Amino acid sequence: MMEMFTLGSDASSTLDRDSSEFLHSQISDAIRMTIASGEWPPRHRLKPEPELAIDLGVSRGTLRRALATLIEEGLLKQSRGRGTFVTEALIEPAVAQKLSTLSEDFASQGVNLSTSVISVDTGEPPSVVASLLRVPHGTAVLRLTRSRATAELPIALLRNYVRLDLAPGIEGVDFSTTTLFGALEGSYGLKIGSARRTFSAVAAAGEVSRALGVADGTPVQYLEQLTFLSDGRPVEYSDVWINSAELRVVTLLARR
């Protein structure tokens with residue numbers, strides 16, 4: 001496997017110009033991994049665009065496209081007259097949490113969840129999801145919708161989109177008995193490295209209300225997750241709705 005292009009104080013800045021991966025994707029991958037490693041912490045200011053483009057040996061248009069991807073993901077922000085910064089909303093490595101799935105969290109506490117597959121097929125994802133997964137618009141991905149429940153009641157609705165170029169044939173997996181991460185890691189040998197999660201509160205409606213067994217308008221937790229492989233490539237995007245009356249998300253933080 002090709003050594004990944006990286007950035008940083010002691011890293012190579014040589015792009016693979018013979019790779020099938022676009023230069024702007026290689027740059028955004030490298031910046032993403034540099035941020036995840038903590039080498040570029042929150043509020044870190046990037047070099048000015050002309051200087052960074054010269055360092056990388058690319059046009060400013062290529063660099064701007066790479067930066068635009070990371071700004072859309074929420075990893076970078078730009079301030080007129082000041083430059084481009086790593087967003088302050090990031091969790092720093094010292095307090096980063098272990099990446100685990102809902103079923104893994106419950107299993108570690110001795111609670112078994114049942115999974116019902118609502119739908120599984122391949123097709124075009126929403127345009128925003130296609131951009132986050134970095135697949136061309138019109139490209140088919142796995143589209144998987146499941147619900148999770150304890151013995152007493154439903155607690156979560158999950159909708160996942162997975163790149164088929166990284167996991168061909170994954171639509172044939174029985175997801176009522178196999179977890180998505182289990183299939184990606186066990187069946188396809190992919191190494192999941194990190195994920196970006198965003199939490200918010202939304203009002204349940206339609207499919208969400210039915211799956212969670214709540215009335216329309218009931219407040220529920222909404223979790224948006226973008227999962228990356230260890231080499232920085234995005235592999236999966238998910239929307240998760242959680243019955244907040246039955247399940248609370250708790251974060252443990254350590255004071256440095």
# chains A, B, ... in the order shown; residues from 1 in each chain; ligands from 1
call {"tool": "residues_around", "arguments": {"residues": "segment 217-233 of chain A", "least_positions_apart": "4", "cutoff": "8 Å", "atoms": "only C-alpha atoms", "output": "MDAnalysis selection string"}}
result
chainID A and resid 4 29:30 32:33 132 190:205 209 237:245
call {"tool": "closest_residue", "arguments": {"among": "A:Ser127, A:Thr139, A:Thr122, A:Ser79", "to": "Ile170 of chain A", "atoms": "only C-alpha atoms"}}
result
A:Thr122
call {"tool": "select_by_dssp", "arguments": {"residues": "segment 4-248 of chain A", "states": "strand (DSSP E or B)", "output": "MDAnalysis selection string"}}
result
chainID A and resid 45 76:79 83:86 114:123 141:149 154:163 192:203 219:229 234:242
call {"tool": "write_last_selection", "arguments": {"atoms": "C-alpha atoms", "output": "JSON list (two decimals), in the first residue's frame"}}
result
[["chain", "number", "residue", "atom", "x", "y", "z"],
["A", 45, "ARG", "CA", -3.61, 28.81, 12.37],
["A", 76, "LEU", "CA", -11.54, 24.19, 9.82],
["A", 77, "LYS", "CA", -12.95, 27.70, 9.83],
["A", 78, "GLN", "CA", -11.88, 30.84, 8.00],
["A", 79, "SER", "CA", -11.86, 34.37, 9.37],
["A", 83, "GLY", "CA", -6.68, 33.23, 8.01],
["A", 84, "THR", "CA", -7.71, 29.60, 8.36],
["A", 85, "PHE", "CA", -7.90, 27.95, 11.78],
["A", 86, "VAL", "CA", -8.58, 24.54, 13.27],
["A", 114, "SER", "CA", -32.03, -6.72, 19.30],
["A", 115, "THR", "CA", -31.63, -5.34, 15.79],
["A", 116, "SER", "CA", -34.34, -5.10, 13.17],
["A", 117, "VAL", "CA", -33.34, -4.35, 9.59],
["A", 118, "ILE", "CA", -35.89, -1.95, 8.12],
["A", 119, "SER", "CA", -34.28, -1.63, 4.71],
["A", 120, "VAL", "CA", -31.01, -2.42, 2.94],
["A", 121, "ASP", "CA", -30.14, -1.56, -0.66],
["A", 122, "THR", "CA", -27.64, 0.29, -2.81],
["A", 123, "GLY", "CA", -28.24, 3.64, -4.42],
["A", 141, "VAL", "CA", -23.42, 3.38, -1.75],
["A", 142, "LEU", "CA", -24.87, 0.97, 0.77],
["A", 143, "ARG", "CA", -28.03, 2.40, 2.31],
["A", 144, "LEU", "CA", -28.93, 0.64, 5.55],
["A", 145, "THR", "CA", -31.72, 1.46, 8.00],
["A", 146, "ARG", "CA", -32.06, -0.42, 11.28],
["A", 147, "SER", "CA", -33.74, -0.07, 14.66],
["A", 148, "ARG", "CA", -32.30, -1.13, 17.99],
["A", 149, "ALA", "CA", -34.34, -2.20, 21.03],
["A", 154, "PRO", "CA", -37.09, 0.55, 21.07],
["A", 155, "ILE", "CA", -34.27, 3.00, 21.78],
["A", 156, "ALA", "CA", -32.62, 3.97, 18.48],
["A", 157, "LEU", "CA", -33.11, 4.33, 14.74],
["A", 158, "LEU", "CA", -29.94, 4.17, 12.61],
["A", 159, "ARG", "CA", -29.47, 5.10, 8.96],
["A", 160, "ASN", "CA", -26.03, 4.29, 7.49],
["A", 161, "TYR", "CA", -24.33, 5.01, 4.18],
["A", 162, "VAL", "CA", -21.18, 3.04, 3.31],
["A", 163, "ARG", "CA", -18.77, 3.39, 0.38],
["A", 192, "ILE", "CA", -11.38, 2.02, 11.45],
["A", 193, "GLY", "CA", -9.38, 4.86, 12.91],
["A", 194, "SER", "CA", -11.61, 7.72, 14.04],
["A", 195, "ALA", "CA", -14.98, 9.39, 13.75],
["A", 196, "ARG", "CA", -16.52, 12.82, 14.07],
["A", 197, "ARG", "CA", -19.80, 12.98, 15.99],
["A", 198, "THR", "CA", -22.21, 15.86, 16.25],
["A", 199, "PHE", "CA", -25.08, 15.85, 18.75],
["A", 200, "SER", "CA", -28.27, 17.87, 18.68],
["A", 201, "ALA", "CA", -31.91, 17.68, 19.72],
["A", 202, "VAL", "CA", -34.69, 17.32, 17.16],
["A", 203, "ALA", "CA", -38.43, 16.72, 17.17],
["A", 219, "PRO", "CA", -37.75, 15.61, 21.57],
["A", 220, "VAL", "CA", -35.13, 12.98, 20.71],
["A", 221, "GLN", "CA", -31.35, 13.01, 20.51],
["A", 222, "TYR", "CA", -29.89, 13.17, 17.01],
["A", 223, "LEU", "CA", -26.36, 11.98, 16.34],
["A", 224, "GLU", "CA", -24.55, 12.55, 13.06],
["A", 225, "GLN", "CA", -21.35, 10.53, 12.57],
["A", 226, "LEU", "CA", -18.69, 10.44, 9.87],
["A", 227, "THR", "CA", -16.31, 7.49, 10.26],
["A", 228, "PHE", "CA", -12.76, 7.41, 8.88],
["A", 229, "LEU", "CA", -10.32, 4.60, 8.22],
["A", 234, "PRO", "CA", -14.11, 8.40, 5.02],
["A", 235, "VAL", "CA", -15.88, 5.04, 4.90],
["A", 236, "GLU", "CA", -19.30, 5.51, 6.54],
["A", 237, "TYR", "CA", -21.81, 8.21, 7.40],
["A", 238, "SER", "CA", -24.69, 7.66, 9.79],
["A", 239, "ASP", "CA", -27.75, 9.41, 11.15],
["A", 240, "VAL", "CA", -28.88, 8.10, 14.56],
["A", 241, "TRP", "CA", -32.01, 9.09, 16.46],
["A", 242, "ILE", "CA", -32.15, 8.08, 20.14]]
call {"tool": "closest_residue", "arguments": {"among": "A:Leu52, A:Ile27, A:Lys47, A:Gly81", "to": "Arg65 of chain A", "atoms": "only C-alpha atoms"}}
result
A:Ile27
call {"tool": "select_by_dssp", "arguments": {"residues": "segment 79-246 of chain A", "states": "alpha helix (DSSP H)", "output": "list of chain:residue names"}}
result
A:Leu102, A:Ser103, A:Glu104, A:Asp105, A:Phe106, A:Ala107, A:Ser108, A:Ser127, A:Val128, A:Val129, A:Ala130, A:Ser131, A:Leu132, A:Leu133, A:Leu180, A:Phe181, A:Gly182, A:Glu207, A:Val208, A:Ser209, A:Arg210, A:Ala211, A:Leu212
call {"tool": "write_last_selection", "arguments": {"atoms": "C-alpha atoms", "output": "compact mmCIF listing (two decimals), in the first residue's frame"}}
result
# COMPACT_ATOMS: atom_id res chain seq x y z
CA LEU A 102 -24.19 1.60 20.51
CA SER A 103 -24.40 -2.20 20.60
CA GLU A 104 -20.80 -2.47 21.87
CA ASP A 105 -21.53 0.02 24.66
CA PHE A 106 -24.59 -1.93 25.78
CA ALA A 107 -22.82 -5.30 25.50
CA SER A 108 -20.03 -4.03 27.78
CA SER A 127 -25.73 15.10 -2.00
CA VAL A 128 -24.37 16.26 1.37
CA VAL A 129 -23.54 12.67 2.33
CA ALA A 130 -21.85 12.07 -1.03
CA SER A 131 -19.64 15.10 -0.41
CA LEU A 132 -18.72 13.97 3.10
CA LEU A 133 -17.90 10.44 1.88
CA LEU A 180 -21.69 -2.72 10.57
CA PHE A 181 -18.27 -2.17 12.15
CA GLY A 182 -17.94 -5.93 12.60
CA GLU A 207 -40.34 7.17 10.45
CA VAL A 208 -38.42 8.31 13.55
CA SER A 209 -41.59 8.51 15.65
CA ARG A 210 -42.76 5.09 14.48
CA ALA A 211 -39.41 3.40 15.04
CA LEU A 212 -38.97 4.83 18.53
call {"tool": "atom_distance", "arguments": {"atom1": "atom CA of Leu15 of chain A", "atom2": "atom CA of Gly38 of chain A"}}
result
21.6 Å
call {"tool": "closest_residue", "arguments": {"among": "A:Glu72, A:Pro48, A:Pro126, A:Ala36", "to": "Arg60 of chain A", "atoms": "only C-alpha atoms"}}
result
A:Pro48
call {"tool": "atom_distance", "arguments": {"atom1": "atom CA of Asp174 of chain A", "atom2": "atom CA of Thr150 of chain A"}}
result
19.5 Å
call {"tool": "atom_distance", "arguments": {"atom1": "atom CA of Ala68 of chain A", "atom2": "atom CA of Ile54 of chain A"}}
result
18.0 Å
call {"tool": "closest_residue", "arguments": {"among": "A:Glu185, A:Glu152, A:Asp16, A:Glu124", "to": "Leu164 of chain A", "atoms": "only C-alpha atoms"}}
result
A:Glu124
call {"tool": "closest_residue", "arguments": {"among": "A:Asp55, A:Thr62, A:Arg134, A:Leu113", "to": "Ser176 of chain A", "atoms": "only C-alpha atoms"}}
result
A:Leu113
